[in-house]
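Trainee: Okay, handing you the structure first.
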Amino acid sequence: MPHIRHPDSFNEKVLFRKFIKGDYDCYAALSDKILVRDYISHKIGEEYLIPLLHTTDNPETLFELETLKDTVIKPNHGSGMVKVFVEEPDFVEKHQLIERCGEWLTKDYSHEAREIHYRYIKPQIMVEQRVGDDKSTAIDYKFHMFNKQDGHFEYVLQVVFNRSDNQPLSMLFYVNNLDSCFYRRFDTAGLDISHNRAALEKALALSKKLASDFDYVRVDWYISQGDVYFGELTFTPGAGLMPVLKHGLDEMMGKMWLQDGQSATQAERQESAPSTAQKKQ
């Protein structure tokens, strides 16, 4: 049973942010995959943004685009809803896409796992330029950034790859370094990220800038031909239900997170704790 009001682990602290104390208006504005682009441009520069080709609340307008080859289509208000085209889709595929986009627009993603801030995002469809090689979409590099409130950060890099219906999702976890992998999940091929070292160091430096206003945020990146591209900001990863944080990683990340609002929980602890006189009785 998670300790939501007095959290210790990372997942518990995400639940605390979800249910007890969270800046939902801020999270909504920066979780909106369209609105966050202005924030990124201001904080680190628009050169780190993936080219945005189209936005709409009417999926039928996708028919008006000259091409959908090498594009990523997704809504701005949730996760797990995405369609990638490496080649130009045919007539049937386009109609299926329009239907799927219509379904996405009607979904209130806050109902999926009670992540309240998604309720305040106006749903739209966005079309981005696809980042990656000719055969696969770029690997996700997710930096869990923990602000130590003294100008320093701790971090966990979560590398996500093998996004396929036929394979289990593979992950690597690096703790406060980019060289030694702490934990591998379903990595049968032994992915080596060292060739992207310079780009990852740049992504880490940029992540610190983006995380400077928060006690914790996850900053996602893609790397293509040595260039880094911003993916998204996530404030409640896995909705506080991440079973992949094994080998003590959940507890380790919980200790890294100096969570705003914990002073309130300390006061609750003192109020609920029996006094010395009560203990003697």
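Residues are referred to by chain and number: the chain letter is A, B, ... according to the order shown in the structure tokens, the number counts from 1 in that chain, and ligands are numbered separately from 1 in the order shown.
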Please build the interface table for segment 28-106 of chain A against segment 227-243 of chain A with a cut-off of 8 Å, listing for each qualifying residue the nearest atom pair and the distance in Å to one decimal; count only C-alpha atoms, order rows by chain and increasing number, and write it as JSON lines.

Mentor:
{"residue": "A:Leu30", "atom": "CA", "partner": "A:Leu233", "partner_atom": "CA", "distance": 6.6}
{"residue": "A:Ser31", "atom": "CA", "partner": "A:Leu233", "partner_atom": "CA", "distance": 5.9}
{"residue": "A:Lys33", "atom": "CA", "partner": "A:Glu232", "partner_atom": "CA", "distance": 6.6}
{"residue": "A:Val36", "atom": "CA", "partner": "A:Glu232", "partner_atom": "CA", "distance": 7.8}
{"residue": "A:Tyr48", "atom": "CA", "partner": "A:Tyr229", "partner_atom": "CA", "distance": 4.7}
{"residue": "A:Leu49", "atom": "CA", "partner": "A:Phe230", "partner_atom": "CA", "distance": 5.5}
{"residue": "A:Ile50", "atom": "CA", "partner": "A:Tyr229", "partner_atom": "CA", "distance": 6.0}

Trainee: Only N, CA and C atoms, please: the residues just picked out, written as a PDB file, in the first residue's frame.

Mentor:
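Saved the output as selection37.pdb:
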ATOM      1  N   LEU A  30       2.535  23.154 -19.461  1.00  0.00           N
ATOM      2  CA  LEU A  30       3.820  22.628 -19.913  1.00  0.00           C
ATOM      3  C   LEU A  30       3.749  21.168 -20.353  1.00  0.00           C
ATOM      4  N   SER A  31       2.630  20.499 -20.078  1.00  0.00           N
ATOM      5  CA  SER A  31       2.410  19.150 -20.606  1.00  0.00           C
ATOM      6  C   SER A  31       1.708  19.203 -21.949  1.00  0.00           C
ATOM      7  N   LYS A  33       1.665  19.594 -25.505  1.00  0.00           N
ATOM      8  CA  LYS A  33       2.793  19.437 -26.425  1.00  0.00           C
ATOM      9  C   LYS A  33       2.909  20.567 -27.443  1.00  0.00           C
ATOM     10  N   VAL A  36       3.892  24.050 -24.879  1.00  0.00           N
ATOM     11  CA  VAL A  36       5.223  23.971 -24.267  1.00  0.00           C
ATOM     12  C   VAL A  36       6.311  24.455 -25.215  1.00  0.00           C
ATOM     13  N   TYR A  48      15.983  23.666 -30.753  1.00  0.00           N
ATOM     14  CA  TYR A  48      15.861  22.326 -30.174  1.00  0.00           C
ATOM     15  C   TYR A  48      14.463  21.725 -30.363  1.00  0.00           C
ATOM     16  N   LEU A  49      13.593  22.449 -31.048  1.00  0.00           N
ATOM     17  CA  LEU A  49      12.243  21.969 -31.292  1.00  0.00           C
ATOM     18  C   LEU A  49      12.178  21.153 -32.583  1.00  0.00           C
ATOM     19  N   ILE A  50      11.426  20.050 -32.542  1.00  0.00           N
ATOM     20  CA  ILE A  50      11.155  19.285 -33.755  1.00  0.00           C
ATOM     21  C   ILE A  50      10.226  20.128 -34.628  1.00  0.00           C
TER      22      ILE A  50
END

Trainee: Within segment 55-256 of chain A, find each residue whose DSSP state, derived from the backbone, is strand (DSSP E or B), and express the selection as an NGL selection string.

Mentor: :A and (55-56 or 71-75 or 83-85 or 125-129 or 132 or 137 or 140-147 or 153-161 or 170-175 or 181-185 or 216-224 or 227-234)

Trainee: Could you list, as a PDB file with all heavy atoms, in the first residue's frame, every residue within 10 Å of Lys13 of chain A, counting only C-alpha atoms and ignoring same-chain residues fewer than 3 positions away?

Mentor:
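Output file around_7.pdb is given in full below:
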ATOM      1  N   PRO A   2       0.752   2.121  -1.010  1.00  0.00           N
ATOM      2  CA  PRO A   2       1.608   3.312  -1.068  1.00  0.00           C
ATOM      3  C   PRO A   2       1.286   4.305   0.044  1.00  0.00           C
ATOM      4  O   PRO A   2       0.146   4.458   0.448  1.00  0.00           O
ATOM      5  CB  PRO A   2       1.291   3.903  -2.444  1.00  0.00           C
ATOM      6  CG  PRO A   2      -0.075   3.399  -2.770  1.00  0.00           C
ATOM      7  CD  PRO A   2      -0.157   2.027  -2.169  1.00  0.00           C
ATOM      8  N   HIS A   3       2.335   4.973   0.532  1.00  0.00           N
ATOM      9  CA  HIS A   3       2.171   6.015   1.547  1.00  0.00           C
ATOM     10  C   HIS A   3       2.064   7.357   0.810  1.00  0.00           C
ATOM     11  O   HIS A   3       3.071   8.025   0.582  1.00  0.00           O
ATOM     12  CB  HIS A   3       3.351   6.012   2.512  1.00  0.00           C
ATOM     13  CG  HIS A   3       3.517   4.713   3.230  1.00  0.00           C
ATOM     14  ND1 HIS A   3       4.291   3.684   2.738  1.00  0.00           N
ATOM     15  CD2 HIS A   3       2.986   4.269   4.404  1.00  0.00           C
ATOM     16  CE1 HIS A   3       4.244   2.665   3.579  1.00  0.00           C
ATOM     17  NE2 HIS A   3       3.463   2.990   4.597  1.00  0.00           N
ATOM     18  N   ILE A   4       0.850   7.740   0.470  1.00  0.00           N
ATOM     19  CA  ILE A   4       0.661   8.917  -0.376  1.00  0.00           C
ATOM     20  C   ILE A   4       0.869  10.210   0.400  1.00  0.00           C
ATOM     21  O   ILE A   4       1.506  11.151  -0.086  1.00  0.00           O
ATOM     22  CB  ILE A   4      -0.741   8.892  -1.022  1.00  0.00           C
ATOM     23  CG1 ILE A   4      -0.885   7.649  -1.917  1.00  0.00           C
ATOM     24  CG2 ILE A   4      -0.970  10.161  -1.846  1.00  0.00           C
ATOM     25  CD1 ILE A   4      -2.249   7.527  -2.575  1.00  0.00           C
ATOM     26  N   ARG A   5       0.369  10.288   1.626  1.00  0.00           N
ATOM     27  CA  ARG A   5       0.496  11.534   2.389  1.00  0.00           C
ATOM     28  C   ARG A   5       1.895  11.709   2.983  1.00  0.00           C
ATOM     29  O   ARG A   5       2.319  12.831   3.236  1.00  0.00           O
ATOM     30  CB  ARG A   5      -0.562  11.587   3.498  1.00  0.00           C
ATOM     31  CG  ARG A   5      -1.964  11.851   2.959  1.00  0.00           C
ATOM     32  CD  ARG A   5      -2.925  12.217   4.064  1.00  0.00           C
ATOM     33  NE  ARG A   5      -4.209  12.625   3.511  1.00  0.00           N
ATOM     34  CZ  ARG A   5      -4.505  13.862   3.124  1.00  0.00           C
ATOM     35  NH1 ARG A   5      -3.597  14.822   3.234  1.00  0.00           N
ATOM     36  NH2 ARG A   5      -5.694  14.157   2.647  1.00  0.00           N
ATOM     37  N   HIS A   6       2.593  10.628   3.204  1.00  0.00           N
ATOM     38  CA  HIS A   6       3.946  10.683   3.744  1.00  0.00           C
ATOM     39  C   HIS A   6       4.854   9.866   2.821  1.00  0.00           C
ATOM     40  O   HIS A   6       5.343   8.803   3.190  1.00  0.00           O
ATOM     41  CB  HIS A   6       3.988  10.131   5.172  1.00  0.00           C
ATOM     42  CG  HIS A   6       2.960  10.738   6.076  1.00  0.00           C
ATOM     43  ND1 HIS A   6       2.922  12.090   6.344  1.00  0.00           N
ATOM     44  CD2 HIS A   6       1.926  10.181   6.753  1.00  0.00           C
ATOM     45  CE1 HIS A   6       1.911  12.341   7.171  1.00  0.00           C
ATOM     46  NE2 HIS A   6       1.294  11.203   7.420  1.00  0.00           N
ATOM     47  N   PRO A   7       5.095  10.392   1.613  1.00  0.00           N
ATOM     48  CA  PRO A   7       5.781   9.590   0.585  1.00  0.00           C
ATOM     49  C   PRO A   7       7.279   9.475   0.823  1.00  0.00           C
ATOM     50  O   PRO A   7       7.927  10.401   1.316  1.00  0.00           O
ATOM     51  CB  PRO A   7       5.491  10.369  -0.695  1.00  0.00           C
ATOM     52  CG  PRO A   7       5.368  11.798  -0.245  1.00  0.00           C
ATOM     53  CD  PRO A   7       4.699  11.730   1.103  1.00  0.00           C
ATOM     54  N   ASP A   8       7.821   8.334   0.445  1.00  0.00           N
ATOM     55  CA  ASP A   8       9.259   8.107   0.504  1.00  0.00           C
ATOM     56  C   ASP A   8       9.817   7.700  -0.860  1.00  0.00           C
ATOM     57  O   ASP A   8      10.831   8.227  -1.291  1.00  0.00           O
ATOM     58  CB  ASP A   8       9.601   7.022   1.537  1.00  0.00           C
ATOM     59  CG  ASP A   8       9.343   7.477   2.965  1.00  0.00           C
ATOM     60  OD1 ASP A   8       9.819   8.574   3.323  1.00  0.00           O
ATOM     61  OD2 ASP A   8       8.667   6.752   3.714  1.00  0.00           O
ATOM     62  N   SER A   9       9.169   6.771  -1.522  1.00  0.00           N
ATOM     63  CA  SER A   9       9.654   6.291  -2.812  1.00  0.00           C
ATOM     64  C   SER A   9       9.281   7.279  -3.921  1.00  0.00           C
ATOM     65  O   SER A   9       8.451   8.174  -3.734  1.00  0.00           O
ATOM     66  CB  SER A   9       9.065   4.917  -3.132  1.00  0.00           C
ATOM     67  OG  SER A   9       7.692   5.022  -3.461  1.00  0.00           O
ATOM     68  N   PHE A  10       9.898   7.096  -5.081  1.00  0.00           N
ATOM     69  CA  PHE A  10       9.604   7.961  -6.223  1.00  0.00           C
ATOM     70  C   PHE A  10       8.138   7.855  -6.627  1.00  0.00           C
ATOM     71  O   PHE A  10       7.461   8.873  -6.808  1.00  0.00           O
ATOM     72  CB  PHE A  10      10.499   7.581  -7.411  1.00  0.00           C
ATOM     73  CG  PHE A  10      10.189   8.347  -8.670  1.00  0.00           C
ATOM     74  CD1 PHE A  10      10.625   9.660  -8.835  1.00  0.00           C
ATOM     75  CD2 PHE A  10       9.454   7.765  -9.694  1.00  0.00           C
ATOM     76  CE1 PHE A  10      10.330  10.371  -9.990  1.00  0.00           C
ATOM     77  CE2 PHE A  10       9.165   8.467 -10.858  1.00  0.00           C
ATOM     78  CZ  PHE A  10       9.601   9.774 -11.003  1.00  0.00           C
ATOM     79  N   PHE A  16       1.780  11.723  -4.510  1.00  0.00           N
ATOM     80  CA  PHE A  16       1.595  12.914  -3.671  1.00  0.00           C
ATOM     81  C   PHE A  16       1.367  14.145  -4.560  1.00  0.00           C
ATOM     82  O   PHE A  16       0.479  14.959  -4.299  1.00  0.00           O
ATOM     83  CB  PHE A  16       2.833  13.119  -2.795  1.00  0.00           C
ATOM     84  CG  PHE A  16       2.771  14.340  -1.917  1.00  0.00           C
ATOM     85  CD1 PHE A  16       2.200  14.281  -0.662  1.00  0.00           C
ATOM     86  CD2 PHE A  16       3.291  15.557  -2.343  1.00  0.00           C
ATOM     87  CE1 PHE A  16       2.140  15.410   0.155  1.00  0.00           C
ATOM     88  CE2 PHE A  16       3.235  16.687  -1.542  1.00  0.00           C
ATOM     89  CZ  PHE A  16       2.664  16.614  -0.287  1.00  0.00           C
ATOM     90  N   ARG A  17       2.167  14.280  -5.610  1.00  0.00           N
ATOM     91  CA  ARG A  17       2.012  15.403  -6.533  1.00  0.00           C
ATOM     92  C   ARG A  17       0.665  15.344  -7.243  1.00  0.00           C
ATOM     93  O   ARG A  17       0.038  16.374  -7.493  1.00  0.00           O
ATOM     94  CB  ARG A  17       3.156  15.391  -7.552  1.00  0.00           C
ATOM     95  CG  ARG A  17       3.064  16.476  -8.605  1.00  0.00           C
ATOM     96  CD  ARG A  17       4.248  16.444  -9.555  1.00  0.00           C
ATOM     97  NE  ARG A  17       5.354  17.260  -9.061  1.00  0.00           N
ATOM     98  CZ  ARG A  17       6.465  17.510  -9.765  1.00  0.00           C
ATOM     99  NH1 ARG A  17       6.617  16.984 -10.970  1.00  0.00           N
ATOM    100  NH2 ARG A  17       7.417  18.267  -9.256  1.00  0.00           N
ATOM    101  N   LYS A  18       0.202  14.152  -7.572  1.00  0.00           N
ATOM    102  CA  LYS A  18      -1.078  13.977  -8.262  1.00  0.00           C
ATOM    103  C   LYS A  18      -2.263  14.335  -7.366  1.00  0.00           C
ATOM    104  O   LYS A  18      -3.191  15.031  -7.790  1.00  0.00           O
ATOM    105  CB  LYS A  18      -1.248  12.522  -8.708  1.00  0.00           C
ATOM    106  CG  LYS A  18      -0.628  12.153 -10.036  1.00  0.00           C
ATOM    107  CD  LYS A  18      -0.762  10.662 -10.303  1.00  0.00           C
ATOM    108  CE  LYS A  18      -2.200  10.196 -10.260  1.00  0.00           C
ATOM    109  NZ  LYS A  18      -2.320   8.749 -10.576  1.00  0.00           N
ATOM    110  N   PHE A  19      -2.246  13.827  -6.132  1.00  0.00           N
ATOM    111  CA  PHE A  19      -3.454  13.866  -5.318  1.00  0.00           C
ATOM    112  C   PHE A  19      -3.434  14.875  -4.171  1.00  0.00           C
ATOM    113  O   PHE A  19      -4.484  15.338  -3.733  1.00  0.00           O
ATOM    114  CB  PHE A  19      -3.714  12.479  -4.716  1.00  0.00           C
ATOM    115  CG  PHE A  19      -4.003  11.421  -5.734  1.00  0.00           C
ATOM    116  CD1 PHE A  19      -3.247  10.260  -5.778  1.00  0.00           C
ATOM    117  CD2 PHE A  19      -5.019  11.571  -6.654  1.00  0.00           C
ATOM    118  CE1 PHE A  19      -3.499   9.279  -6.707  1.00  0.00           C
ATOM    119  CE2 PHE A  19      -5.288  10.603  -7.594  1.00  0.00           C
ATOM    120  CZ  PHE A  19      -4.530   9.444  -7.628  1.00  0.00           C
ATOM    121  N   ILE A  20      -2.242  15.215  -3.659  1.00  0.00           N
ATOM    122  CA  ILE A  20      -2.170  16.047  -2.457  1.00  0.00           C
ATOM    123  C   ILE A  20      -1.766  17.477  -2.768  1.00  0.00           C
ATOM    124  O   ILE A  20      -2.430  18.432  -2.358  1.00  0.00           O
ATOM    125  CB  ILE A  20      -1.189  15.442  -1.421  1.00  0.00           C
ATOM    126  CG1 ILE A  20      -1.540  13.973  -1.145  1.00  0.00           C
ATOM    127  CG2 ILE A  20      -1.202  16.261  -0.140  1.00  0.00           C
ATOM    128  CD1 ILE A  20      -2.929  13.761  -0.590  1.00  0.00           C
ATOM    129  N   THR A 236       4.251  13.790 -13.933  1.00  0.00           N
ATOM    130  CA  THR A 236       3.778  12.635 -13.168  1.00  0.00           C
ATOM    131  C   THR A 236       4.037  11.357 -13.975  1.00  0.00           C
ATOM    132  O   THR A 236       3.107  10.704 -14.436  1.00  0.00           O
ATOM    133  CB  THR A 236       2.274  12.763 -12.847  1.00  0.00           C
ATOM    134  OG1 THR A 236       1.540  13.016 -14.070  1.00  0.00           O
ATOM    135  CG2 THR A 236       2.018  13.904 -11.878  1.00  0.00           C
ATOM    136  N   GLY A 240       2.664   7.578 -11.340  1.00  0.00           N
ATOM    137  CA  GLY A 240       3.044   7.077 -10.025  1.00  0.00           C
ATOM    138  C   GLY A 240       2.891   5.573  -9.898  1.00  0.00           C
ATOM    139  O   GLY A 240       2.885   5.034  -8.790  1.00  0.00           O
ATOM    140  N   MET A 253      15.410   6.925  -6.219  1.00  0.00           N
ATOM    141  CA  MET A 253      14.902   8.146  -6.840  1.00  0.00           C
ATOM    142  C   MET A 253      14.034   8.935  -5.866  1.00  0.00           C
ATOM    143  O   MET A 253      13.973  10.169  -5.929  1.00  0.00           O
ATOM    144  CB  MET A 253      14.145   7.803  -8.113  1.00  0.00           C
ATOM    145  CG  MET A 253      15.042   7.269  -9.229  1.00  0.00           C
ATOM    146  SD  MET A 253      14.141   6.581 -10.653  1.00  0.00           S
ATOM    147  CE  MET A 253      13.329   8.057 -11.311  1.00  0.00           C
ATOM    148  N   GLY A 254      13.368   8.235  -4.958  1.00  0.00           N
ATOM    149  CA  GLY A 254      12.585   8.926  -3.937  1.00  0.00           C
ATOM    150  C   GLY A 254      13.470   9.766  -3.029  1.00  0.00           C
ATOM    151  O   GLY A 254      13.122  10.896  -2.657  1.00  0.00           O
ATOM    152  N   LYS A 255      14.639   9.242  -2.679  1.00  0.00           N
ATOM    153  CA  LYS A 255      15.576   9.988  -1.829  1.00  0.00           C
ATOM    154  C   LYS A 255      16.180  11.170  -2.579  1.00  0.00           C
ATOM    155  O   LYS A 255      16.522  12.194  -1.974  1.00  0.00           O
ATOM    156  CB  LYS A 255      16.669   9.050  -1.331  1.00  0.00           C
ATOM    157  CG  LYS A 255      16.184   8.016  -0.326  1.00  0.00           C
ATOM    158  CD  LYS A 255      17.316   7.100   0.123  1.00  0.00           C
ATOM    159  CE  LYS A 255      16.812   6.067   1.120  1.00  0.00           C
ATOM    160  NZ  LYS A 255      17.891   5.131   1.538  1.00  0.00           N
ATOM    161  N   TRP A 257      14.625  13.075  -4.601  1.00  0.00           N
ATOM    162  CA  TRP A 257      13.589  14.091  -4.813  1.00  0.00           C
ATOM    163  C   TRP A 257      13.320  14.849  -3.514  1.00  0.00           C
ATOM    164  O   TRP A 257      12.680  14.333  -2.601  1.00  0.00           O
ATOM    165  CB  TRP A 257      12.329  13.410  -5.322  1.00  0.00           C
ATOM    166  CG  TRP A 257      11.224  14.325  -5.768  1.00  0.00           C
ATOM    167  CD1 TRP A 257      11.113  15.666  -5.563  1.00  0.00           C
ATOM    168  CD2 TRP A 257      10.056  13.949  -6.503  1.00  0.00           C
ATOM    169  NE1 TRP A 257       9.955  16.162  -6.119  1.00  0.00           N
ATOM    170  CE2 TRP A 257       9.292  15.123  -6.710  1.00  0.00           C
ATOM    171  CE3 TRP A 257       9.594  12.736  -7.009  1.00  0.00           C
ATOM    172  CZ2 TRP A 257       8.069  15.104  -7.393  1.00  0.00           C
ATOM    173  CZ3 TRP A 257       8.375  12.712  -7.690  1.00  0.00           C
ATOM    174  CH2 TRP A 257       7.632  13.890  -7.882  1.00  0.00           C
ATOM    175  N   LEU A 258      13.788  16.090  -3.424  1.00  0.00           N
ATOM    176  CA  LEU A 258      13.465  16.976  -2.308  1.00  0.00           C
ATOM    177  C   LEU A 258      12.161  17.676  -2.663  1.00  0.00           C
ATOM    178  O   LEU A 258      12.151  18.758  -3.236  1.00  0.00           O
ATOM    179  CB  LEU A 258      14.588  17.993  -2.085  1.00  0.00           C
ATOM    180  CG  LEU A 258      15.981  17.404  -1.848  1.00  0.00           C
ATOM    181  CD1 LEU A 258      17.004  18.522  -1.673  1.00  0.00           C
ATOM    182  CD2 LEU A 258      15.970  16.478  -0.635  1.00  0.00           C
ATOM    183  N   GLN A 259      11.076  17.062  -2.299  1.00  0.00           N
ATOM    184  CA  GLN A 259       9.774  17.456  -2.818  1.00  0.00           C
ATOM    185  C   GLN A 259       9.187  18.664  -2.110  1.00  0.00           C
ATOM    186  O   GLN A 259       9.112  18.698  -0.880  1.00  0.00           O
ATOM    187  CB  GLN A 259       8.804  16.280  -2.723  1.00  0.00           C
ATOM    188  CG  GLN A 259       7.480  16.493  -3.445  1.00  0.00           C
ATOM    189  CD  GLN A 259       6.679  15.215  -3.537  1.00  0.00           C
ATOM    190  OE1 GLN A 259       6.642  14.417  -2.613  1.00  0.00           O
ATOM    191  NE2 GLN A 259       6.026  15.011  -4.668  1.00  0.00           N
ATOM    192  N   GLN A 262       6.779  18.935   1.353  1.00  0.00           N
ATOM    193  CA  GLN A 262       7.077  17.946   2.369  1.00  0.00           C
ATOM    194  C   GLN A 262       7.098  18.552   3.769  1.00  0.00           C
ATOM    195  O   GLN A 262       6.919  17.843   4.747  1.00  0.00           O
ATOM    196  CB  GLN A 262       8.413  17.274   2.064  1.00  0.00           C
ATOM    197  CG  GLN A 262       8.346  16.302   0.896  1.00  0.00           C
ATOM    198  CD  GLN A 262       7.291  15.230   1.102  1.00  0.00           C
ATOM    199  OE1 GLN A 262       7.425  14.372   1.951  1.00  0.00           O
ATOM    200  NE2 GLN A 262       6.228  15.297   0.327  1.00  0.00           N
TER     201      GLN A 262
END

Trainee: Which value, in Å to one decimal, gives the distance between atom CA of Ile34 of chain A and atom CA of Ile98 of chain A?

Mentor: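 One can read the atom CA of Ile34 of chain A to atom CA of Ile98 of chain A distance as 19.5 Å.
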
Trainee: Name the residues of segment 63-203 of chain A that come out as helix (DSSP H, G or I) in a backbone DSSP run; write them as a VMD selection string.

Mentor: chain A and resid 63 to 64 91 to 106 110 to 113 116 to 120 194 to 203

Trainee: Measuring between only C-alpha atoms, which one of A:Val244, A:Leu65, A:Val72, A:Leu105 shows the shortest distance to Gln158 of chain A?

Mentor: A:Val244

Trainee: For Gly102 of chain A, which of A:His195, A:Lys74, A:His144, A:Arg184 is the closest residue, counting only C-alpha atoms?

Mentor: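 Selected residue with least distance to Gly102 of chain A: A:Lys74.
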
Trainee: Residues near Asp140 of chain A, anyone? I mean within 9 Å using only C-alpha atoms, not counting same-chain ones fewer than 3 positions away, as a list in words.

Mentor: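 The filter keeps Gln158, Val159, Val160, Phe161, Asp220, Trp221, Tyr222, Ile223 and Gly231 of chain A.
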
Trainee: Mind pulling up the distance from atom CA of Ala29 of chain A to atom CA of Ser79 of chain A?

Mentor: 15.1 Å

Trainee: Using only C-alpha atoms, which residue out of A:Cys181, A:Ile121, A:Ala205, A:Val156 lies closest to Tyr109 of chain A?

Mentor: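 Selected residue with least distance to Tyr109 of chain A: A:Ile121.
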
Trainee: Excluding Ser224 of chain A and residues on its chain fewer than 4 positions from it, collect all residues at most 7 Å away from it, counting only C-alpha atoms, and give them as a list in words.

Mentor: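 Near neighbours after the sequence-gap exclusion: Val131, Gly132, Ala138 and Val228 of chain A.
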
Trainee: Kindly indicate which residue among A:Tyr24, A:Phe182, A:Tyr141, A:Phe146 lies nearest to Leu200 of chain A, using only C-alpha atoms for the distances.

Mentor: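 When distances to Leu200 of chain A are compared using only C-alpha atoms, the smallest one comes from A:Tyr141.
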
Trainee: Give me, please, the distance in Å between atom CA of Leu97 of chain A and atom CA of Lys142 of chain A, quoted to one decimal.

Mentor: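 Distance reported for this atom pair: 27.7 Å.
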
Trainee: For Val84 of chain A, which residue among A:Asn177, A:Asn162, A:Thr71, A:Gln96 is the nearest when counting only C-alpha atoms?

Mentor: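 Closest residue, counting only C-alpha atoms: A:Thr71.
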
Trainee: Choose the residue, out of A:Arg197, A:Lys69, A:His111, A:His95, that has the smallest atom-to-atom separation from Arg130 of chain A; count only C-alpha atoms.

Mentor: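 Once distances to Arg130 of chain A are computed over only C-alpha atoms, the minimum belongs to A:Lys69.
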